[in-house]
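J.: Provided below: coords_10.pdb, containing PDB, C-alpha atoms.
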```pdb
ATOM      1  CA  MET A 236     -25.387  -0.623 -52.506
ATOM      2  CA  GLN A 237     -25.150  -4.237 -51.426
ATOM      3  CA  THR A 238     -21.696  -5.761 -51.479
ATOM      4  CA  GLY A 239     -20.476  -9.327 -51.476
ATOM      5  CA  ARG A 240     -20.131  -9.280 -47.671
ATOM      6  CA  GLY A 241     -23.595  -7.848 -47.105
ATOM      7  CA  TRP A 242     -22.380  -4.294 -46.399
ATOM      8  CA  VAL A 243     -24.521  -1.360 -47.484
ATOM      9  CA  ARG A 244     -22.412   1.502 -48.763
ATOM     10  CA  MET A 245     -23.882   4.362 -46.786
ATOM     11  CA  TYR A 246     -20.567   5.227 -45.147
ATOM     12  CA  LEU A 247     -18.426   8.107 -46.390
ATOM     13  CA  ASP A 248     -15.061   7.290 -47.901
ATOM     14  CA  VAL A 249     -12.144   7.452 -45.483
ATOM     15  CA  ALA A 250     -10.199   9.696 -47.898
ATOM     16  CA  ASP A 251     -13.019  12.287 -47.865
ATOM     17  CA  LEU A 252     -13.181  12.199 -44.066
ATOM     18  CA  HIS A 253      -9.416  12.627 -43.815
ATOM     19  CA  THR A 254      -9.550  15.579 -46.240
ATOM     20  CA  PHE A 255     -12.269  17.290 -44.215
ATOM     21  CA  TYR A 256     -10.409  17.044 -40.900
ATOM     22  CA  ALA A 257      -7.240  18.318 -42.582
ATOM     23  CA  SER A 258      -9.097  21.448 -43.801
ATOM     24  CA  PRO A 259      -9.337  24.652 -41.714
ATOM     25  CA  LEU A 260     -13.012  23.967 -40.963
ATOM     26  CA  GLY A 261     -12.302  20.367 -40.012
ATOM     27  CA  GLN A 262      -9.385  21.327 -37.776
ATOM     28  CA  VAL A 263     -11.608  23.674 -35.771
ATOM     29  CA  ALA A 264     -14.390  21.075 -35.586
ATOM     30  CA  GLY A 265     -11.932  18.426 -34.402
ATOM     31  CA  MET A 266     -10.506  20.768 -31.786
ATOM     32  CA  LEU A 267     -13.950  21.567 -30.358
ATOM     33  CA  LEU A 268     -14.994  17.915 -30.294
ATOM     34  CA  ARG A 269     -11.750  16.939 -28.540
ATOM     35  CA  ARG A 270     -12.429  19.594 -25.909
ATOM     36  CA  ARG A 271     -15.953  18.272 -25.436
ATOM     37  CA  LEU A 272     -14.638  14.748 -24.900
ATOM     38  CA  ARG A 273     -12.036  16.040 -22.451
ATOM     39  CA  GLU A 274     -14.805  17.696 -20.469
ATOM     40  CA  LEU A 275     -16.495  14.307 -20.194
ATOM     41  CA  TRP A 276     -13.300  12.385 -19.419
ATOM     42  CA  PRO A 277     -10.638  14.661 -17.920
ATOM     43  CA  ASP A 278      -8.589  11.725 -16.640
ATOM     44  CA  VAL A 279      -8.133   8.535 -18.679
ATOM     45  CA  ARG A 280      -4.966   7.257 -17.029
ATOM     46  CA  GLY A 281      -4.910   3.472 -17.150
ATOM     47  CA  CYS A 282      -7.910   3.311 -19.500
ATOM     48  CA  ARG A 283      -8.261   1.327 -22.699
ATOM     49  CA  ILE A 284      -9.972   3.436 -25.361
ATOM     50  CA  LEU A 285     -11.696   2.367 -28.575
ATOM     51  CA  GLY A 286     -12.720   4.700 -31.378
ATOM     52  CA  MET A 287     -15.426   3.371 -33.722
ATOM     53  CA  GLY A 288     -16.158   4.930 -37.124
ATOM     54  CA  PHE A 289     -13.759   7.716 -38.099
ATOM     55  CA  THR A 290     -12.344   8.881 -34.776
ATOM     56  CA  THR A 291      -8.596   9.299 -35.284
ATOM     57  CA  PRO A 292      -8.838  13.146 -35.294
ATOM     58  CA  LEU A 293     -10.361  12.870 -31.796
ATOM     59  CA  LEU A 294      -8.076  10.273 -30.231
ATOM     60  CA  GLY A 295      -4.718  12.068 -30.297
ATOM     61  CA  PRO A 296      -4.905  13.761 -26.870
ATOM     62  CA  PHE A 297      -5.581  10.414 -25.180
ATOM     63  CA  THR A 298      -2.669   8.440 -26.632
ATOM     64  CA  ASP A 299       0.001   9.566 -24.171
ATOM     65  CA  GLU A 300      -2.248   9.196 -21.141
ATOM     66  CA  ALA A 301      -4.365   6.087 -21.673
ATOM     67  CA  GLU A 302      -3.061   2.535 -21.356
ATOM     68  CA  ARG A 303      -4.219   1.671 -24.892
ATOM     69  CA  VAL A 304      -5.883   3.648 -27.694
ATOM     70  CA  VAL A 305      -7.081   1.847 -30.831
ATOM     71  CA  ALA A 306      -9.484   2.660 -33.677
ATOM     72  CA  ALA A 307     -11.893   0.439 -35.617
ATOM     73  CA  MET A 308     -13.050   1.598 -39.053
ATOM     74  CA  PRO A 309     -16.033   0.067 -40.883
ATOM     75  CA  GLY A 310     -15.347  -1.965 -44.007
ATOM     76  CA  PRO A 311     -17.412   0.165 -46.442
ATOM     77  CA  GLN A 312     -15.599   3.306 -45.263
ATOM     78  CA  GLY A 313     -12.102   1.974 -45.796
ATOM     79  CA  VAL A 314      -9.219   2.284 -43.383
ATOM     80  CA  MET A 315      -6.233   4.596 -43.042
ATOM     81  CA  GLU A 316      -3.144   3.835 -40.979
ATOM     82  CA  TRP A 317      -2.828   5.814 -37.745
ATOM     83  CA  PRO A 318      -0.820   7.313 -36.181
ATOM     84  CA  GLY A 319       1.799   8.418 -38.666
ATOM     85  CA  HIS A 320       4.636   7.090 -36.487
ATOM     86  CA  GLY A 321       5.097   3.955 -34.427
ATOM     87  CA  GLY A 322       2.905   0.875 -34.679
ATOM     88  CA  ASN A 323      -0.460   0.989 -36.425
ATOM     89  CA  ARG A 324      -3.490   1.259 -34.093
ATOM     90  CA  VAL A 325      -6.297   0.904 -36.644
ATOM     91  CA  THR A 326      -8.162  -2.200 -37.795
ATOM     92  CA  LEU A 327     -10.833  -2.742 -40.424
ATOM     93  CA  THR A 328     -14.005  -4.277 -39.039
ATOM     94  CA  GLU A 329     -17.638  -5.125 -39.639
ATOM     95  CA  ASP A 330     -20.525  -3.425 -37.859
ATOM     96  CA  THR A 331     -21.930  -6.683 -36.546
ATOM     97  CA  SER A 332     -18.686  -8.361 -35.429
ATOM     98  CA  LEU A 333     -15.987  -6.377 -33.675
ATOM     99  CA  PRO A 334     -12.672  -8.284 -33.386
ATOM    100  CA  PHE A 335     -12.197  -7.701 -29.653
ATOM    101  CA  PRO A 336     -12.836  -9.739 -26.478
ATOM    102  CA  ASP A 337     -15.690  -8.953 -24.107
ATOM    103  CA  CYS A 338     -15.322  -6.075 -21.627
ATOM    104  CA  LEU A 339     -11.968  -4.909 -23.020
ATOM    105  CA  PHE A 340     -12.418  -1.124 -23.276
ATOM    106  CA  ASP A 341     -12.996   1.407 -20.509
ATOM    107  CA  ARG A 342     -13.935   4.228 -22.885
ATOM    108  CA  VAL A 343     -15.555   4.058 -26.335
ATOM    109  CA  ILE A 344     -15.904   6.972 -28.770
ATOM    110  CA  VAL A 345     -18.304   6.649 -31.728
ATOM    111  CA  CYS A 346     -18.240   9.204 -34.557
ATOM    112  CA  HIS A 347     -19.288   9.024 -38.229
ATOM    113  CA  ALA A 348     -20.793   5.592 -37.635
ATOM    114  CA  ILE A 349     -24.345   5.141 -36.379
ATOM    115  CA  GLU A 350     -25.842   7.679 -38.817
ATOM    116  CA  HIS A 351     -24.414   5.705 -41.747
ATOM    117  CA  THR A 352     -24.915   2.030 -40.957
ATOM    118  CA  ASP A 353     -28.105   0.069 -41.558
ATOM    119  CA  GLN A 354     -27.030  -2.209 -38.688
ATOM    120  CA  THR A 355     -27.332   0.392 -35.924
ATOM    121  CA  ARG A 356     -28.698  -1.886 -33.215
ATOM    122  CA  ALA A 357     -26.233  -4.680 -33.969
ATOM    123  CA  LEU A 358     -23.327  -2.216 -33.923
ATOM    124  CA  MET A 359     -24.398  -0.723 -30.587
ATOM    125  CA  ARG A 360     -24.814  -4.160 -29.034
ATOM    126  CA  GLU A 361     -21.302  -5.078 -30.184
ATOM    127  CA  LEU A 362     -19.978  -1.899 -28.574
ATOM    128  CA  TRP A 363     -21.867  -2.874 -25.395
ATOM    129  CA  ARG A 364     -20.146  -6.264 -25.497
ATOM    130  CA  VAL A 365     -16.578  -4.961 -25.811
ATOM    131  CA  MET A 366     -17.045  -2.172 -23.234
ATOM    132  CA  ALA A 367     -16.121  -2.789 -19.601
ATOM    133  CA  ASP A 368     -19.007  -3.103 -17.168
ATOM    134  CA  ASN A 369     -18.095   0.207 -15.520
ATOM    135  CA  GLY A 370     -17.037   1.831 -18.794
ATOM    136  CA  ARG A 371     -18.373   4.882 -20.603
ATOM    137  CA  ILE A 372     -19.340   5.451 -24.223
ATOM    138  CA  ALA A 373     -19.567   8.810 -26.031
ATOM    139  CA  VAL A 374     -21.684   8.819 -29.204
ATOM    140  CA  ILE A 375     -21.367  11.781 -31.574
ATOM    141  CA  THR A 376     -24.125  12.256 -34.166
ATOM    142  CA  PRO A 377     -25.385  15.103 -36.369
ATOM    143  CA  ASN A 378     -28.199  17.083 -34.737
ATOM    144  CA  ARG A 379     -31.282  16.986 -36.968
ATOM    145  CA  GLN A 380     -32.187  20.554 -35.895
ATOM    146  CA  GLY A 381     -28.735  21.997 -36.590
ATOM    147  CA  ILE A 382     -27.409  23.640 -39.719
ATOM    148  CA  TRP A 383     -24.524  21.158 -40.079
ATOM    149  CA  ALA A 384     -26.968  18.350 -40.903
ATOM    150  CA  ARG A 385     -28.444  20.464 -43.718
ATOM    151  CA  MET A 386     -25.196  21.193 -45.544
ATOM    152  CA  ASP A 387     -23.286  18.488 -47.391
ATOM    153  CA  ARG A 388     -19.945  20.291 -47.350
ATOM    154  CA  THR A 389     -19.091  18.478 -44.112
ATOM    155  CA  PRO A 390     -19.341  14.785 -43.122
ATOM    156  CA  PHE A 391     -22.058  15.706 -40.638
ATOM    157  CA  GLY A 392     -24.336  16.567 -43.570
ATOM    158  CA  ALA A 393     -24.404  12.905 -44.659
ATOM    159  CA  GLY A 394     -26.299  10.001 -43.183
ATOM    160  CA  ARG A 395     -29.249  10.119 -40.815
ATOM    161  CA  PRO A 396     -29.188  12.903 -38.182
ATOM    162  CA  CYS A 397     -31.135  12.446 -34.970
ATOM    163  CA  SER A 398     -32.593  14.375 -32.071
ATOM    164  CA  ALA A 399     -31.500  14.071 -28.463
ATOM    165  CA  GLY A 400     -34.567  11.942 -27.732
ATOM    166  CA  GLN A 401     -33.873   9.586 -30.626
ATOM    167  CA  LEU A 402     -30.250   9.210 -29.563
ATOM    168  CA  SER A 403     -31.287   8.425 -25.986
ATOM    169  CA  ARG A 404     -33.777   5.803 -27.195
ATOM    170  CA  LEU A 405     -31.132   4.237 -29.432
ATOM    171  CA  LEU A 406     -28.791   3.904 -26.464
ATOM    172  CA  ASP A 407     -31.552   2.547 -24.256
ATOM    173  CA  ASP A 408     -32.473  -0.066 -26.860
ATOM    174  CA  ALA A 409     -28.837  -1.216 -26.940
ATOM    175  CA  LEU A 410     -28.777  -1.634 -23.123
ATOM    176  CA  PHE A 411     -26.990   1.621 -22.309
ATOM    177  CA  THR A 412     -28.100   4.220 -19.782
ATOM    178  CA  THR A 413     -27.778   7.794 -21.042
ATOM    179  CA  LEU A 414     -25.903   9.905 -18.495
ATOM    180  CA  GLY A 415     -26.194  13.179 -20.377
ATOM    181  CA  THR A 416     -26.328  14.743 -23.834
ATOM    182  CA  SER A 417     -24.399  17.910 -24.650
ATOM    183  CA  PRO A 418     -24.466  20.028 -27.826
ATOM    184  CA  ALA A 419     -21.385  20.974 -29.844
ATOM    185  CA  LEU A 420     -20.387  22.799 -33.055
ATOM    186  CA  PHE A 421     -22.396  26.005 -33.070
ATOM    187  CA  PHE A 422     -20.281  27.977 -35.513
ATOM    188  CA  PRO A 423     -21.539  27.844 -39.129
ATOM    189  CA  PRO A 424     -19.862  25.296 -41.422
ATOM    190  CA  VAL A 425     -18.337  27.869 -43.764
ATOM    191  CA  GLY A 426     -15.263  27.283 -45.875
ATOM    192  CA  SER A 427     -13.187  30.200 -44.634
ATOM    193  CA  ARG A 428     -10.730  29.890 -41.757
ATOM    194  CA  ILE A 429     -12.270  30.618 -38.364
ATOM    195  CA  PRO A 430      -9.963  31.782 -35.555
ATOM    196  CA  THR A 431      -9.942  29.319 -32.696
ATOM    197  CA  ALA A 432     -10.848  31.993 -30.141
ATOM    198  CA  TRP A 433     -13.876  33.021 -32.195
ATOM    199  CA  ALA A 434     -15.036  29.434 -32.585
ATOM    200  CA  GLN A 435     -14.780  28.807 -28.847
ATOM    201  CA  GLY A 436     -16.637  32.046 -28.139
ATOM    202  CA  ILE A 437     -19.457  31.065 -30.498
ATOM    203  CA  GLU A 438     -19.486  27.643 -28.855
ATOM    204  CA  ASN A 439     -19.940  29.158 -25.406
ATOM    205  CA  ILE A 440     -22.755  31.462 -26.548
ATOM    206  CA  GLY A 441     -24.545  28.726 -28.471
ATOM    207  CA  GLU A 442     -24.375  26.220 -25.634
ATOM    208  CA  HIS A 443     -25.848  28.742 -23.218
ATOM    209  CA  TRP A 444     -28.545  30.331 -25.395
ATOM    210  CA  PHE A 445     -29.290  28.044 -28.354
ATOM    211  CA  PRO A 446     -28.420  24.435 -27.395
ATOM    212  CA  GLN A 447     -31.115  22.972 -29.642
ATOM    213  CA  PHE A 448     -29.361  24.289 -32.781
ATOM    214  CA  SER A 449     -25.954  22.706 -32.310
ATOM    215  CA  GLY A 450     -24.279  20.959 -35.217
ATOM    216  CA  VAL A 451     -23.819  17.682 -33.351
ATOM    217  CA  LEU A 452     -24.940  15.937 -30.194
ATOM    218  CA  VAL A 453     -22.532  14.190 -27.831
ATOM    219  CA  ALA A 454     -24.252  11.607 -25.636
ATOM    220  CA  GLU A 455     -22.427   9.872 -22.803
ATOM    221  CA  ALA A 456     -23.782   6.564 -21.534
ATOM    222  CA  GLY A 457     -22.958   3.704 -19.215
ATOM    223  CA  LYS A 458     -23.717   0.016 -19.458
ATOM    224  CA  LYS A 459     -26.905  -1.524 -18.124
ATOM    225  CA  ILE A 460     -25.874  -4.526 -16.081
ATOM    226  CA  TYR A 461     -28.264  -7.261 -15.055
ATOM    227  CA  ALA A 462     -27.813  -9.822 -12.293
ATOM    228  CA  THR A 463     -26.744 -12.722 -14.482
ATOM    229  CA  PRO A 464     -23.595 -14.778 -13.852
ATOM    230  CA  ARG A 465     -20.587 -14.054 -16.037
ATOM    231  CA  GLN A 466     -18.451 -17.048 -16.866
ATOM    232  CA  GLU A 467     -15.923 -15.279 -19.064
ATOM    233  CA  HIS A 468     -14.291 -13.153 -16.353
ATOM    234  CA  THR A 469     -14.345 -13.034 -12.590
ATOM    235  CA  ALA A 470     -14.947  -9.770 -10.744
ATOM    236  CA  GLY A 471     -12.048  -7.382 -11.206
ATOM    237  CA  GLN A 472     -10.309  -9.633 -13.726
ATOM    238  CA  ARG A 473      -9.135  -7.995 -16.947
ATOM    239  CA  VAL A 474      -8.666  -9.524 -20.351
ATOM    240  CA  GLY A 475      -5.070 -10.337 -21.216
ATOM    241  CA  LEU A 476      -3.483  -8.676 -24.234
ATOM    242  CA  GLY A 477      -1.262 -10.487 -26.677
ATOM    243  CA  VAL A 478       2.104  -9.184 -27.795
ATOM    244  CA  PRO A 479       1.852  -8.999 -31.606
ATOM    245  CA  ASP A 480       4.197  -8.319 -34.452
ATOM    246  CA  ARG A 481       2.569  -5.821 -36.797
ATOM    247  CA  LEU A 482      -0.702  -5.453 -38.668
ATOM    248  CA  ASN A 483      -0.495  -6.271 -42.366
ATOM    249  CA  LEU A 484      -2.857  -3.779 -43.987
ATOM    250  CA  GLY A 485      -2.511  -5.047 -47.543
ATOM    251  CA  GLN A 486      -2.809  -2.642 -50.480
ATOM    252  CA  ARG A 487      -2.265   1.071 -49.985
ATOM    253  CA  SER A 488      -3.504   3.691 -52.449
ATOM    254  CA  LYS A 489      -1.492   6.778 -53.375
ATOM    255  CA  SER A 490      -3.458   8.794 -50.820
ATOM    256  CA  GLY A 491      -2.388   6.452 -48.025
ATOM    257  CA  VAL A 492      -5.814   4.842 -47.770
ATOM    258  CA  PHE A 493      -5.995   1.114 -47.114
ATOM    259  CA  TYR A 494      -8.770  -1.061 -48.470
ATOM    260  CA  GLY A 495      -9.583  -4.738 -48.114
ATOM    261  CA  ASP A 496      -9.555  -6.781 -44.944
ATOM    262  CA  ALA A 497      -6.675  -5.110 -43.081
ATOM    263  CA  GLY A 498      -4.731  -8.348 -42.990
ATOM    264  CA  ARG A 499      -7.465 -10.436 -41.394
ATOM    265  CA  ALA A 500     -10.514 -12.416 -42.394
ATOM    266  CA  PRO A 501     -13.955 -11.048 -41.386
ATOM    267  CA  GLY A 502     -14.635 -11.918 -37.764
ATOM    268  CA  GLN A 503     -10.987 -12.754 -37.014
ATOM    269  CA  SER A 504      -9.842 -11.254 -33.739
ATOM    270  CA  VAL A 505      -6.964  -8.848 -33.319
ATOM    271  CA  SER A 506      -4.563  -8.483 -30.415
ATOM    272  CA  ILE A 507      -2.968  -5.361 -28.999
ATOM    273  CA  SER A 508       0.712  -4.969 -28.271
ATOM    274  CA  ASN A 509       2.320  -3.132 -25.383
ATOM    275  CA  THR A 510       2.639  -0.114 -27.713
ATOM    276  CA  GLY A 511      -1.029  -0.254 -28.701
ATOM    277  CA  SER A 512      -0.343  -1.690 -32.173
ATOM    278  CA  LEU A 513      -2.797  -4.154 -33.673
ATOM    279  CA  ARG A 514      -2.444  -7.390 -35.561
ATOM    280  CA  PRO A 515      -4.735 -10.260 -36.530
ATOM    281  CA  GLY A 516      -5.130 -12.715 -33.642
TER     282      GLY A 516
END
```
Could I get this structure in the form of C-alpha cells?
T.:
Amino acid sequence: MQTGRGWVRMYLDVADLHTFYASPLGQVAGMLLRRRLRELWPDVRGCRILGMGFTTPLLGPFTDEAERVVAAMPGPQGVMEWPGHGGNRVTLTEDTSLPFPDCLFDRVIVCHAIEHTDQTRALMRELWRVMADNGRIAVITPNRQGIWARMDRTPFGAGRPCSAGQLSRLLDDALFTTLGTSPALFFPPVGSRIPTAWAQGIENIGEHWFPQFSGVLVAEAGKKIYATPRQEHTAGQRVGLGVPDRLNLGQRSKSGVFYGDAGRAPGQSVSISNTGSLRPG
C-alpha cells in the first residue's frame, strides 16, 4: 500500500518480528544465526557495526566487543527501542536514504529487509555508501528452496525469497563482491520447543548433506572499489562521531513499539555518542 512518503507496506510489523524472536522457535533461530555471523566475523574489536532491517536479536553478542553497534529499522516496519538498558541504538530510516555519513561502518548485517522492500537496489547502494571500503556485509534472506519460505508462521515465510544465484547477482548489481554464501536454519519451523543441542545437530547434518534446503541464506560480500578519487576522506581517515544527548523516539505504544519519524525528519542525519546511542544530527 502506498503511503504519504512513498513507502510500500511490504514490511512486517516490528511487533510481530519481536514476538517471533521472543518465542521458543525464534530464540533457537536467533541463536543459530548469531553463531553463523560469529563464524564469519570472529573478531570485531574496534569495528563499527550497522544492522539494517530487524537485526536486534542478532546484534547482542557484538555490543561489548565492537566500537559501535547501531540498528536502522525501515519506516513501514516501525521501530522498537534497543537495548533495554542504556542509551537507545536504533533509528527509523528510509530505504533510499540512510542517515549516516559515507564509509562509516566496518560491518553491516541485513535481515528482514531486502525481501520486503520494493527499493532493493537503492537500499543496497545506500548500504554500499555507508560501508567502509574494506568493510564486510552479511545479507540474510529466505531460501526459495527451503521449507521456511513456504510457511507463514515465521517472518522468513513473508516477502520474496531468493536463490543463492539471485542473491549473488543482487550484490553484484549493487557493486559488492560476493565472498561466500552459507546456508542456515535446517530444522523445521515447528511451534514446539526444540532443544538447542538438537537444533545444532540438525544444522550440522543439513549443512553437510542438504545445503540447498536450508531455511535461509547468509551471503558475505565486500565492496567493489574503483580507481576514482575520493574527496570526502583521505586514505586511512575515519569519520568523526558527534557526542549527542538522546534520541527522541516520539510516541510509544503499549507494546513498546515506536512509530513515526524517531525524532527526526526524513533524510536528517543522526550522530552516535561514545556509548553508541543515537540522536538526530
J.: Residues near Leu452 (chain A), anyone? I mean within 10 Å using only C-alpha atoms, not counting same-chain ones fewer than 4 positions away, as a list in words.
T.: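 Residues near the query, excluding close chain neighbours: Ala373, Val374, Ile375, Thr376, Pro377, Asn378, Arg379, Gly381, Pro396, Cys397, Ser398, Ala399, Leu402, Thr416, Ser417, Pro418, Ala419, Leu420, Pro446, Gln447 and Phe448 of chain A.
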J.: Would you export the selected residues with C-alpha atoms as a compact mmCIF listing (two decimals), in the frame of the given file, please?
T.:
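Contents of again.txt, as written:
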```
# COMPACT_ATOMS: atom_id res chain seq x y z
CA ALA A 373 -19.57 8.81 -26.03
CA VAL A 374 -21.68 8.82 -29.20
CA ILE A 375 -21.37 11.78 -31.57
CA THR A 376 -24.12 12.26 -34.17
CA PRO A 377 -25.38 15.10 -36.37
CA ASN A 378 -28.20 17.08 -34.74
CA ARG A 379 -31.28 16.99 -36.97
CA GLY A 381 -28.74 22.00 -36.59
CA PRO A 396 -29.19 12.90 -38.18
CA CYS A 397 -31.14 12.45 -34.97
CA SER A 398 -32.59 14.38 -32.07
CA ALA A 399 -31.50 14.07 -28.46
CA LEU A 402 -30.25 9.21 -29.56
CA THR A 416 -26.33 14.74 -23.83
CA SER A 417 -24.40 17.91 -24.65
CA PRO A 418 -24.47 20.03 -27.83
CA ALA A 419 -21.38 20.97 -29.84
CA LEU A 420 -20.39 22.80 -33.06
CA PRO A 446 -28.42 24.44 -27.40
CA GLN A 447 -31.12 22.97 -29.64
CA PHE A 448 -29.36 24.29 -32.78
```
J.: Apply the PyMOL selection byres ((chain A and resi 303) around 7) to the structure shown and report the selected residues as a VMD selection string.
T.: chain A and resid 282 to 284 301 to 302 304 to 305 511
J.: Check which residues satisfy the PyMOL selection byres ((chain A and resi 459) around 12) in the file shown, then give them as a ChimeraX atom specification.
T.: /A:360,363-364,366-372,406-414,456-458,460-463
J.: Please measure the separation of CA of Gly322 (chain A) and CA of Phe335 (chain A), giving the value in Å to one decimal.
T.: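 Value for the CA of Gly322 (chain A)-CA of Phe335 (chain A) distance: 18.1 Å.
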J.: Figure out the distance between CA of Leu260 (chain A) and CA of Arg342 (chain A), please, to one decimal in Å.
T.: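 Between CA of Arg342 (chain A) and CA of Leu260 (chain A) the gap is 26.8 Å.
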J.: Looking at only C-alpha atoms, which of A:Ala348, A:Met287, A:Leu267, A:Ala384 is the one that sits closest to Pro334 (chain A)?
T.: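 Answer, going by the shortest atom-to-atom distance: A:Met287.
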J.: From the set A:Pro296, A:Gly400, A:Gly319, A:Gly288, which residue has the shortest atom-to-atom contact distance to Gly265 (chain A), counting only C-alpha atoms?
T.: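 Nearest candidate to Gly265 (chain A) out of A:Pro296, A:Gly400, A:Gly319, A:Gly288: A:Pro296.
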J.: Just give me the gap between CA of Asp248 (chain A) and CA of Arg271 (chain A) in Å, one decimal is fine.
T.: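 Interatomic distance, CA of Asp248 (chain A) to CA of Arg271 (chain A): 25.0 Å.
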J.: Kindly indicate which residue among A:Gly441, A:Gly415, A:Gly450, A:Pro336 lies nearest to Met386 (chain A), using only C-alpha atoms for the distances.
T.: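 The answer is A:Gly450, which sits nearest to Met386 (chain A).
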J.: Could you write out as a list in words the residues that the PyMOL selection byres ((chain A and resi 306) around 7) matches in the shown file?
T.: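 Expected selection for the PyMOL selection byres ((chain A and resi 306) around 7) here is Leu285, Gly286, Met287, Thr290, Thr291, Val305, Ala307, Met308, Arg324, Val325 and Thr326 of chain A.
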J.: Return the single residue from A:Tyr246, A:Phe340, A:Phe297, A:Phe422 that is closest to Leu362 (chain A), with distances computed using all atoms listed in the file.
T.: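 Of all the options, A:Phe340 lies closest to Leu362 (chain A).
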J.: Identify which of the residues A:Trp317, A:Phe391, A:Asp299, A:Ser332 lies closest to Ile349 (chain A), counting all atoms listed in the file when measuring atom-to-atom distances.
T.: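 Residue with the minimum atom-to-atom distance to Ile349 (chain A): A:Phe391.
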J.: From the list A:Thr389, A:Glu329, A:Arg273, A:His347, which residue is nearest Ala257 (chain A) when using only C-alpha atoms?
T.: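 When distances to Ala257 (chain A) are compared using only C-alpha atoms, the smallest one comes from A:Thr389.
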J.: Could you write out as JSON the box around region 307-319 of chain A (axis-aligned, all atoms listed in the file, 6 Å on each side), with centre and edge lengths in Å to one decimal?
T.:
```
{"center_x": -7.8, "center_y": 3.2, "center_z": -41.0, "size_x": 31.2, "size_y": 22.4, "size_z": 22.8}
```
